2 protein chains.
Amino acid sequence: MENIQVTLPGGQSIQVRRGIRIDELMSPTDGDQRDVISAKVDGRLVDLSRALEKDCALEWISVDSPEGLDVLRHSTAHLMAQAVQSLFPGTQVTIGPTIENGFYYDFKRTDPFSQEELEKIEKRMAELAQAKLKITREEVARGEAIEMFRKMGEDYKVEIIQGIPEETVSLYRQGDWVDLCRGPHLPSTNAVRAFKLTGVAGAYWRGNEQNEMLQRIYGTAWHSKEALKEHLRLLEEAKKRDHRKLGQELGLFMISDAIGPGLPLWLPKGAMVRSILERYIVDIERSMGYQHVNTPQLARVDLYKRSGHWDHFKANMYPIMEFENKEELVLRPMNCPHHITIYKHGLHSYRDLPIRLAELGTMYRYERSGTLSGLSRVRAMTLNDAHIFCTPEQIQAEAVGVLRLIERVYKNFGFKDYWYRLSLRNPTDQVNFVANDAMWDTAEAHLRRALGEVGVAYKEAPGEAAYYGPKIDVQLNDVLGHSETLSTVQLDFYLPERFELEYVDKDGQYKRPVMIHRGVISTMERMMAFLIEHYAGNFPLWLAPVQVRILTVTDGHKEYAKKIFEQLRDQGWRVELDGRNEKLGYKIREAQIAKIPYAVVIGDKEVAAETLAPRRRGGENLPPAPLVDFIRRLESEVAQEMGAA
Amino acid sequence: MENIQVTLPGGQSIQVRRGIRIDELMSPTDGDQRDVISAKVDGRLVDLSRALEKDCALEWISVDSPEGLDVLRHSTAHLMAQAVQSLFPGTQVTIGPTIENGFYYDFKRTDPFSQEELEKIEKRMAELAQAKLKITREEVARGEAIEMFRKMGEDYKVEIIQGIPEETVSLYRQGDWVDLCRGPHLPSTNAVRAFKLTGVAGAYWRGNEQNEMLQRIYGTAWHSKEALKEHLRLLEEAKKRDHRKLGQELGLFMISDAIGPGLPLWLPKGAMVRSILERYIVDIERSMGYQHVNTPQLARVDLYKRSGHWDHFKANMYPIMEFENKEELVLRPMNCPHHITIYKHGLHSYRDLPIRLAELGTMYRYERSGTLSGLSRVRAMTLNDAHIFCTPEQIQAEAVGVLRLIERVYKNFGFKDYWYRLSLRNPTDQVNFVANDAMWDTAEAHLRRALGEVGVAYKEAPGEAAYYGPKIDVQLNDVLGHSETLSTVQLDFYLPERFELEYVDKDGQYKRPVMIHRGVISTMERMMAFLIEHYAGNFPLWLAPVQVRILTVTDGHKEYAKKIFEQLRDQGWRVELDGRNEKLGYKIREAQIAKIPYAVVIGDKEVAAETLAPRRRGGENLPPAPLVDFIRRLESEVAQEMGAA
């Protein structure tokens, strides 16, 4: 028998017989291999039962690695399909992929699965796991597989295989259950560890509304009961923090069918937070040399033909409004062309640059109503937008300025879980990136040096640049670990060209400025959604729509309470007075539900001593103090929030 | 001969013969009658040559009264037409009415009148006036008049008379010139006193674009040379203050063909003033119990069908945008339905009222491009809007609150030349005013008492109310004495009905609230236009986009100047540094042209003594002082502006 050479994960090479199964190379006593559920052969993920036929390099895949979890989840999806078909014979299977943190499987069935049925399915899954069914792979001819699934009455599987070009397909069996699948999978059903079915939904076959409706079951699966528990806790936490839920409970915004989907109305408390956010960012930007402008939210369609938005972005633009004399106007999808119009209004010398035009610019995006959600996916949004017009030499300094601004702002908001991504061009790709190598080289070097100068860690992402220039994105992680872009710094060599922007350089020549598109706190809508979830509705004192609520114990305390209320209000604090004829406990509870940073109780003692009894949002009672001391406490708390993290 | 009894202006009655001419009753030695150029008989304005045929009451009309000036201007228009036809025989006359401060006359002629021709016409007018032509009235049969004008070749006059139902028409003659006219007129051409032809324009016959173009000449006429001179001075002043001119010179806003007509872009300096205005009014409103909201600038068309805007205001609304599933959206023409949607979002007890929802609400009006002008007539505007939802009993208190707010704001802006108008229903008219007598009576009484309580003078305007309720308008006069409405308080019984608004009253019954629409500083666009003209671009310190500009004498002073600049900026002052290598005189002139309140000069002396040399916008040099003293000066100036007038 011939030997082959296998390089093991440690780098050590061994001679083994050709055709040896991977699991034969595993050592049952090696604790490190306890969690191995798959392997990579020359970088390709395979079953542990796979036979090795030639010289190769081997890696172990542990169940708690991203790839291991993916295999685990895929096998759990199979286990669920087996359970469903054993409980509900005749239910056809279709497809069952893994998704982030879990999996789903779509079944042909008219009615949605009930919660009771889900529990039954979970129970049967556990039984099938305990049965320790071996999971085996086999390869069969395409025609044979079609024949087999046809006999089983699995029309969807037949259709899927008919669409596959290969002559051989792979099947996975566990007990008497079989599925068409590329694999790999766990070696046995009892390698499935911790799972939970989390929900149901309708879904069209192949995602097409013209096709029949299927029933989808979602599940999550993990390498340990603890990991599952932690995930369910985070899910629960995310649900509690959901900005749509909190937005309603805290009276921050509403969505009305009378106005239209995707068009939130900011209620007084939400509008208060928004206006604090807006003033905050405008003031910081002004102090850093930005000039705020205010431009109309629509323009002639021609403007977007010139900018290129009409060609590339039309599907996301609002319908045209036709005026007299065939004048065509459209709500703007982006603010850049308006700022470019202002830049073009004057002549510019190199001495005037950089020019930093900023705006809380409202823009409109045509999103299908089905995709709209709360404040995070809307049809009208106001962006903390700015466009810096500068010389190529100024890119680094300007990028540093923006990065410093971002760092400062994130400190004020207490953001800690974020990272920078530098998206570069793919230098061999001259099609998808505006071709100007010298410019790209300069710009990328500038951005890299800017990140270095500010001293933040970042990941490079080659090929991820926009076609018009490289960019830096700042990715924030939410409570579930999803990352989304909040801030961005994008260089643009393209629009200055399209709009023939110019400045007169030292040498008297007309030259093209570079444009930097940048956003710090994103749109007011997304920022608000993010902040609600980040703080779980517990806005810090400087941002809270109501900072203090004064609670009277009885009507007799109202006069003094009102005096306190007025003094706080006149000093600019956002304060409410709850003088209702209700029990104090009830009022305290309501203040807590409203997540107001401070409830201030006014009773006999306070009136007598001319003090007030503050109580923190968390429940902590502070010693009674005169108003002046309380105000000093508020001031120092805000100062701390606005100072260092 | 029969006698009639004439009651003279003093109240004295005299017996005179029937048929006596009015001017026969005038006393040539009575100085008071020197300026009388017309009379009123039983309240009707007539020529002094009119014969009195029955008992009547007589009033003298002096040339410097509004009605006297109107007669004077009408006769001056005739004088101009006579001059034109004598200079340019064959030029047909059409119509020639009086307008504010003057008159115009439209002539059938292809080319516009040149400046030279205007001067010739003025000269001929003076000659015709000196000729002391008697102006006489005659009444002729309609047919006869038609025949006469046809013979004269005056086709337009023929057409006009053909459209008149009366069998008899009146003609006015002066010398060999005659015009169809109702009168009255001056007794003689030499009663014309002081006039000037001010401009020319094209105009369509009967204002219809389908008709032929006529040539219009504008003129102004006054009772004295001094009054004319003063008017021309004010015209010149108005031209200098024109917000379109100053807006461009001071870099406040621009209008771009690329964006579209009627859609101004606020440049950095203009946007700065706007943002000061916005924060100012929002902060005051919040301190007075308004809750600011933020709502989308568009909505489903159905919302405006329900509100009635679609039926009554459609011509001024933007075109519909059709989305998927036939969803129709439209940019809002007014903000009220959005605020109503918020009101309807919750249940309201009488205890929650009044609810005062405010917004800097952007709205869109479809105006024909020909009517657009600068910031004062635009297609998108942001209104300082609020809607107060209250019980009928609360109307007076709420109106008082709004009036107090208006008074406070006007003081801050230094407005002094304004007056209040209370517009009431016409009680006998049940068609044009929502019929609910009790409600109207209550509401009108409330508004009247509110005006009394605040202690402001007002004029009542019966029949001038909106159909949905009575209102108070505040009329501001501009430099030319034109009055325009800046602030308004409008009661509305209609929209609460259309939207079925409710609150639960003390007795547990559902009742309709009253809505008060109110605006204090109007739209940002109109307010800005008004302020630019009111201040002639010299914004008070608290509003100035740049408050201080620092000027260096030589480069050697730059370092110290920069320190001063940064200290002022960091303390929140709006400051610029002019460190250019230019002559100081040039820099001072530029700061003056930019109308910056303070220019601060930094030279050797200032650097040595660590002071600065401030210079007021007007040119006044203040003694050099340390920065801290200068800041104290700035602070006290702002405090004074924001305090009492």
# chains A, B, ... in the order shown; residues from 1 in each chain; ligands from 1
>>> interface_residues(of="chain A", to="chain B", cutoff="6 Å", atoms="only C-alpha atoms", output="list of chain:residue names")
A:Ile259, A:Gly260, A:Leu265, A:Trp266, A:Leu267, A:Pro268, A:Ala271, A:Gln291, A:His292, A:Val293, A:Asn294, A:Thr295, A:Ala299, A:Arg300, A:Pro319, A:Met321
>>> select_by_dssp(residues="range 380-462 of chain A", states="alpha helix (DSSP H)", output="count of residues only")
37
>>> residues_around(residues="range 603-608 of chain A", least_positions_apart="4", cutoff="10 Å", atoms="only C-alpha atoms", output="number ranges by chain")
A: 551-561, 584, 612-613, 624-626
>>> residues_around(residues="Gly618 in chain A", least_positions_apart="6", cutoff="12 Å", atoms="only C-alpha atoms", output="MDAnalysis selection string")
chainID A and resid 538 588:589 591:599
>>> residues_around(residues="Thr98 in chain A", least_positions_apart="6", cutoff="8 Å", atoms="only C-alpha atoms", output="list in words")
Asp70, Arg73, His74, Ala77 and Tyr104 of chain A
>>> write_last_selection(atoms="all heavy atoms", output="compact mmCIF listing (two decimals), in the first residue's frame")
# COMPACT_ATOMS: atom_id res chain seq x y z
N ASP A 70 -20.09 27.13 12.20
CA ASP A 70 -20.88 27.09 10.97
C ASP A 70 -21.28 25.64 10.65
O ASP A 70 -22.42 25.36 10.29
CB ASP A 70 -20.09 27.72 9.82
CG ASP A 70 -20.98 28.07 8.66
OD1 ASP A 70 -21.88 28.91 8.86
OD2 ASP A 70 -20.80 27.50 7.56
N ARG A 73 -23.89 24.48 13.12
CA ARG A 73 -25.22 25.04 12.84
C ARG A 73 -25.85 24.37 11.64
O ARG A 73 -27.07 24.19 11.58
CB ARG A 73 -25.09 26.56 12.64
CG ARG A 73 -24.89 27.26 13.97
CD ARG A 73 -24.39 28.68 13.87
NE ARG A 73 -24.13 29.16 15.23
CZ ARG A 73 -23.33 30.16 15.54
NH1 ARG A 73 -22.69 30.81 14.58
NH2 ARG A 73 -23.15 30.52 16.79
N HIS A 74 -25.02 24.02 10.68
CA HIS A 74 -25.55 23.37 9.50
C HIS A 74 -26.10 21.98 9.87
O HIS A 74 -27.19 21.59 9.44
CB HIS A 74 -24.45 23.27 8.43
CG HIS A 74 -24.97 23.07 7.06
ND1 HIS A 74 -24.18 23.08 5.94
CD2 HIS A 74 -26.23 22.84 6.61
CE1 HIS A 74 -24.93 22.87 4.87
NE2 HIS A 74 -26.18 22.71 5.25
N ALA A 77 -29.32 22.30 11.59
CA ALA A 77 -30.41 22.53 10.64
C ALA A 77 -30.90 21.19 10.09
O ALA A 77 -32.11 20.94 9.99
CB ALA A 77 -29.95 23.43 9.50
N TYR A 104 -31.64 28.47 9.39
CA TYR A 104 -33.09 28.27 9.20
C TYR A 104 -33.27 27.13 8.24
O TYR A 104 -32.33 26.63 7.61
CB TYR A 104 -33.79 29.55 8.73
CG TYR A 104 -33.43 30.05 7.35
CD1 TYR A 104 -34.00 29.47 6.19
CD2 TYR A 104 -32.58 31.15 7.18
CE1 TYR A 104 -33.67 29.95 4.93
CE2 TYR A 104 -32.26 31.62 5.91
CZ TYR A 104 -32.80 31.01 4.79
OH TYR A 104 -32.50 31.47 3.54
>>> select_by_dssp(residues="range 142-182 of chain B", states="strand (DSSP E)", output="PyMOL selection string")
chain B and resi 168-174+177-180
>>> closest_residue(among="B:Pro496, B:Pro392, B:Gly143, B:Gly202", to="Lys344 in chain B", atoms="only C-alpha atoms")
B:Pro496
>>> closest_residue(among="B:Val402, B:Asp473, B:Gly463, B:Thr485", to="Ala450 in chain B", atoms="only C-alpha atoms")
B:Val402
>>> closest_residue(among="A:Asp441, A:Asp242, A:Asp176, A:Glu2", to="Lys134 in chain A", atoms="only C-alpha atoms")
A:Asp176
>>> atom_distance(atom1="CA of Ile564 in chain B", atom2="CA of Glu641 in chain B")
24.4 Å
>>> residues_around(residues="Gly455 in chain A", least_positions_apart="3", cutoff="12 Å", atoms="only C-alpha atoms", output="list in words")
Val400, Leu403, Arg404, Glu407, Tyr420, Arg448, Arg449, Ala450, Leu451, Gly452 and Tyr458 of chain A
>>> closest_residue(among="A:Ile284, A:Ile164, A:Leu405, A:Ala438", to="Ala141 in chain A", atoms="only C-alpha atoms")
A:Ile164
>>> residues_around(residues="Glu576 in chain B", least_positions_apart="5", cutoff="9 Å", atoms="only C-alpha atoms", output="list of chain:residue names")
B:Val546, B:Gln547, B:Val548, B:Arg549, B:Ile550, B:Leu551, B:Phe565, B:Arg569
>>> atom_distance(atom1="CA of Lys120 in chain B", atom2="CA of Lys157 in chain B")
25.1 Å
>>> atom_distance(atom1="CA of Ala386 in chain A", atom2="CA of Arg356 in chain A")
6.7 Å
